[in-house]
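All remarks here apply to the structure that follows.
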Amino acid sequence: MTPAAARLGALAACAALACAHAPRAAPSQLPDLRWPEGPAAPRARLARLLPDPQAQAPIAPAWRRALDAVLGLERRAPDAGLRRPFGVLAVDGEETLVADPDLARVVRVGGRGTQRTVECKGRAWSAPFALARAPSGELLVADAGAAVVVRISPDGRCAELGAGRLERPTGVAATADRIYVADPPRHEVVALSAAGEVVARMGGRGAGDGQLSFPTAVAVAPDGTLLVVDALNFRISRFSPDGRWLGAFGEAGDEGGALARPKGIAVDREGRVYVSDAQRDVVLVFSPAGALEYALGASGEGPGRFVHPAGLAVAGNRLLVADSLNGRVQVFELIGEAP
């Protein structure tokens with residue numbers, strides 16, 4: 001019997017037996033980690049790692065594998081893993097968008113670790129750092145290497161905003177009529193209109209009221225207040241939507257609610273503020289008024305530990321943390337309320 005005949009025989013046998021799908025590998029089991037540690041009531045727990053370090057891609061059914069063998073087809077292996085995830089954003093279902101500047105990619109990571117690259121026709125990513133979703137549904141990507149913010153419409157059309165007006169954008173947030181961009185080398189936050197025109201500049205190098213020193217990230221609170229990671233002033237600065245200085249909270253240090261190397265920021269629907277600290281390897285959680293409520297994480301490579309945490313995102317009761325030098329995203333379930 002020739003090899004081709006043997007392959008056809010195997011396919012026929014499989015079809016006759018109605019071969020079933022091979023079982024899928026179960027995701028790895030995570031330890032039950034909760035924060036803060038007792039005796040206080042837990043406020044967050046580790047829910048998952050992305051990509052899951054143990055999960056495998058679904059195995060194709062036997063009839064498909066037999067047909068592929070007959071036709072000489074080869075299935076492409078999944079994309080390589082994350083290298084230095086920096087920006088994160090939750091999307092529909094179990095998918096998470098991740099900006100990875102070292103790989104020059106924006107990817108959709110599925111719950112089982114599958115990855116699909118987000119592309120813009122006619123342009124390549126340079127060093128995408130931050131992600132945001134506009135109220136209109138458009139995706140915003142701060143591409144630091146290209147010195148622009150890329151806007152991707154729901155139908156896939158791409159436009160570059162801020163060209164010639166930004167130096168190295170690393171943070172982005174949006175309201176219905178404003179796009180706020182953190183530009184660290186210029187020590188300012190730039191407010192763009194929906195058309196991409198500059199409507200305000202906030203900051204200027206310094207440590208005084210309204211000044212900034214290497215701002216890295218921005219977020220918009222439910223009341224419209226703009227929150228800025230004022231990194232080398234070791235504080236979170238507040239501005240009104242029109243750019244007026246509203247004050248700040250935080251101080252330099254490596255204990256309690258102090259900031260050593262603040263990097264990313266997110267705000268939940270209650271106005272609670274989440275700040276990643278890339279030196280302390282923790283995420284600090286503050287009340288809307290700026291008082292420390294609790295911290296989660298610690299230095300290390302195991303689940304629930306970080307090495308240089310960066311971008312943050314809150315979606316419903318989930319907190320996503322770009323665990324940058326561990327090459328993954330950690331997802332936490334937010335449970336309970338402040339006492």
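Labels for the structure tokens follow display order: chains A, B, ..., residues from 1 in each chain, ligands from 1.
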
I want to know what sits within 8 Å of Pro51 of chain A, based on only C-alpha atoms, with residues of the same chain fewer than 4 positions away left out; could you give that as JSON, numbers by chain? {"A": [81, 109, 110, 111, 112, 113, 114, 328, 329]}

Residue selection dump (all heavy atoms) as a tab-separated table (two decimals), in the first residue's frame:
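File produced: selection18.tsv:
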```tsv
chain	number	residue	atom	x	y	z
A	81	GLY	N	5.29	34.32	22.85
A	81	GLY	CA	4.71	34.95	24.03
A	81	GLY	C	5.08	36.40	24.15
A	81	GLY	O	5.77	36.98	23.30
A	109	VAL	N	-4.80	38.87	23.50
A	109	VAL	CA	-4.48	37.63	24.18
A	109	VAL	C	-5.77	36.99	24.65
A	109	VAL	O	-6.53	37.60	25.41
A	109	VAL	CB	-3.53	37.86	25.37
A	109	VAL	CG1	-3.19	36.55	26.05
A	109	VAL	CG2	-2.26	38.56	24.91
A	110	GLY	N	-6.05	35.77	24.19
A	110	GLY	CA	-7.24	35.06	24.60
A	110	GLY	C	-7.06	34.41	25.95
A	110	GLY	O	-5.96	34.32	26.49
A	111	GLY	N	-8.16	33.93	26.51
A	111	GLY	CA	-8.10	33.33	27.83
A	111	GLY	C	-7.22	32.10	27.89
A	111	GLY	O	-6.69	31.75	28.94
A	112	ARG	N	-7.03	31.41	26.76
A	112	ARG	CA	-6.20	30.21	26.73
A	112	ARG	C	-4.81	30.49	26.18
A	112	ARG	O	-4.06	29.59	25.86
A	112	ARG	CB	-6.88	29.12	25.91
A	112	ARG	CG	-8.25	28.73	26.44
A	112	ARG	CD	-8.82	27.55	25.69
A	112	ARG	NE	-8.03	26.35	25.92
A	112	ARG	CZ	-8.17	25.54	26.97
A	112	ARG	NH1	-9.06	25.84	27.91
A	112	ARG	NH2	-7.43	24.47	27.12
A	113	GLY	N	-4.47	31.78	26.08
A	113	GLY	CA	-3.13	32.13	25.67
A	113	GLY	C	-2.94	32.38	24.20
A	113	GLY	O	-1.85	32.72	23.75
A	114	THR	N	-3.99	32.18	23.39
A	114	THR	CA	-3.86	32.46	21.96
A	114	THR	C	-3.64	33.95	21.75
A	114	THR	O	-4.15	34.78	22.50
A	114	THR	CB	-5.11	32.00	21.21
A	114	THR	OG1	-6.27	32.66	21.78
A	114	THR	CG2	-5.30	30.49	21.32
A	328	ARG	N	4.10	38.85	31.35
A	328	ARG	CA	2.73	38.35	31.46
A	328	ARG	C	1.81	39.45	31.95
A	328	ARG	O	2.24	40.53	32.36
A	328	ARG	CB	2.68	37.17	32.44
A	328	ARG	CG	3.03	37.57	33.88
A	328	ARG	CD	3.26	36.39	34.78
A	328	ARG	NE	3.64	36.81	36.14
A	328	ARG	CZ	4.08	36.00	37.07
A	328	ARG	NH1	4.21	34.71	36.83
A	328	ARG	NH2	4.39	36.47	38.29
A	329	VAL	N	0.52	39.16	31.91
A	329	VAL	CA	-0.50	40.01	32.51
A	329	VAL	C	-1.15	39.21	33.63
A	329	VAL	O	-1.51	38.04	33.45
A	329	VAL	CB	-1.56	40.43	31.48
A	329	VAL	CG1	-2.70	41.20	32.15
A	329	VAL	CG2	-0.92	41.28	30.37
```

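Proximity to Val198 of chain A was assessed for A:Asp183, A:Gly224, A:Trp125, A:Leu166 counting only C-alpha atoms; the smallest distance is recorded for A:Leu166.
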
Atom CA of Asn233 of chain A to atom CA of Arg83 of chain A, distance in Å rounded to a single decimal: 28.8 Å

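Reported to one decimal place, the separation of atom CA of Ser153 of chain A from atom CA of Val189 of chain A is 23.4 Å.
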
Would you mind writing down, as an NGL selection string, each residue of segment 98-292 of chain A that DSSP on the backbone assigns to helix (DSSP H, G or I)? :A and (144-146 or 184-186 or 231-233)

Could you write out, as number ranges by chain, all the residues of segment 308-338 of chain A that DSSP marks as strand (DSSP E)? A: 309-315, 318-323, 328-334

Export, as a PDB file, in the first residue's frame, the selected residues with C-alpha atoms.
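The resulting part_10.pdb:
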```pdb
ATOM      1  CA  PRO A 309       4.620  46.195  37.061  1.00  0.00           C
ATOM      2  CA  ALA A 310       3.594  48.807  34.507  1.00  0.00           C
ATOM      3  CA  GLY A 311       0.228  49.476  32.846  1.00  0.00           C
ATOM      4  CA  LEU A 312      -3.047  48.935  34.692  1.00  0.00           C
ATOM      5  CA  ALA A 313      -6.670  48.647  33.651  1.00  0.00           C
ATOM      6  CA  VAL A 314      -9.924  48.174  35.564  1.00  0.00           C
ATOM      7  CA  ALA A 315     -12.912  46.559  33.888  1.00  0.00           C
ATOM      8  CA  ARG A 318     -11.299  42.960  37.311  1.00  0.00           C
ATOM      9  CA  LEU A 319      -7.906  44.604  37.706  1.00  0.00           C
ATOM     10  CA  LEU A 320      -5.361  43.876  34.975  1.00  0.00           C
ATOM     11  CA  VAL A 321      -1.663  44.401  35.688  1.00  0.00           C
ATOM     12  CA  ALA A 322       1.078  44.346  33.041  1.00  0.00           C
ATOM     13  CA  ASP A 323       3.757  42.386  34.910  1.00  0.00           C
ATOM     14  CA  ARG A 328       2.733  38.349  31.459  1.00  0.00           C
ATOM     15  CA  VAL A 329      -0.501  40.012  32.515  1.00  0.00           C
ATOM     16  CA  GLN A 330      -1.977  39.170  35.903  1.00  0.00           C
ATOM     17  CA  VAL A 331      -5.725  39.476  36.428  1.00  0.00           C
ATOM     18  CA  PHE A 332      -7.199  40.117  39.868  1.00  0.00           C
ATOM     19  CA  GLU A 333     -10.818  39.928  40.968  1.00  0.00           C
ATOM     20  CA  LEU A 334     -11.868  42.885  43.083  1.00  0.00           C
TER      21      LEU A 334
END
```

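Residues with any atom within 8 Å of Ala132 of chain A, counting only C-alpha atoms and excluding same-chain neighbours fewer than 4 positions away, are Leu89, Leu139, Leu140, Val141, Val172, Ala173 and Ala174 of chain A.
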
Store the residues of this selection in a file with N, CA and C atoms, as a tab-separated table (two decimals), in the first residue's frame.
```tsv
chain	number	residue	atom	x	y	z
A	89	LEU	N	-5.54	46.48	28.32
A	89	LEU	CA	-6.91	46.95	28.18
A	89	LEU	C	-7.81	45.74	28.03
A	139	LEU	N	-10.18	52.48	19.58
A	139	LEU	CA	-8.99	52.10	20.33
A	139	LEU	C	-7.92	53.16	20.13
A	140	LEU	N	-7.27	53.57	21.22
A	140	LEU	CA	-6.19	54.54	21.17
A	140	LEU	C	-4.91	53.87	21.64
A	141	VAL	N	-3.85	54.04	20.86
A	141	VAL	CA	-2.56	53.42	21.18
A	141	VAL	C	-1.49	54.51	21.19
A	172	VAL	N	-2.10	57.29	27.72
A	172	VAL	CA	-3.23	57.87	27.00
A	172	VAL	C	-4.53	57.53	27.74
A	173	ALA	N	-5.45	58.49	27.74
A	173	ALA	CA	-6.78	58.31	28.29
A	173	ALA	C	-7.72	59.20	27.49
A	174	ALA	N	-9.01	58.93	27.54
A	174	ALA	CA	-9.94	59.68	26.69
A	174	ALA	C	-11.27	59.91	27.37
```
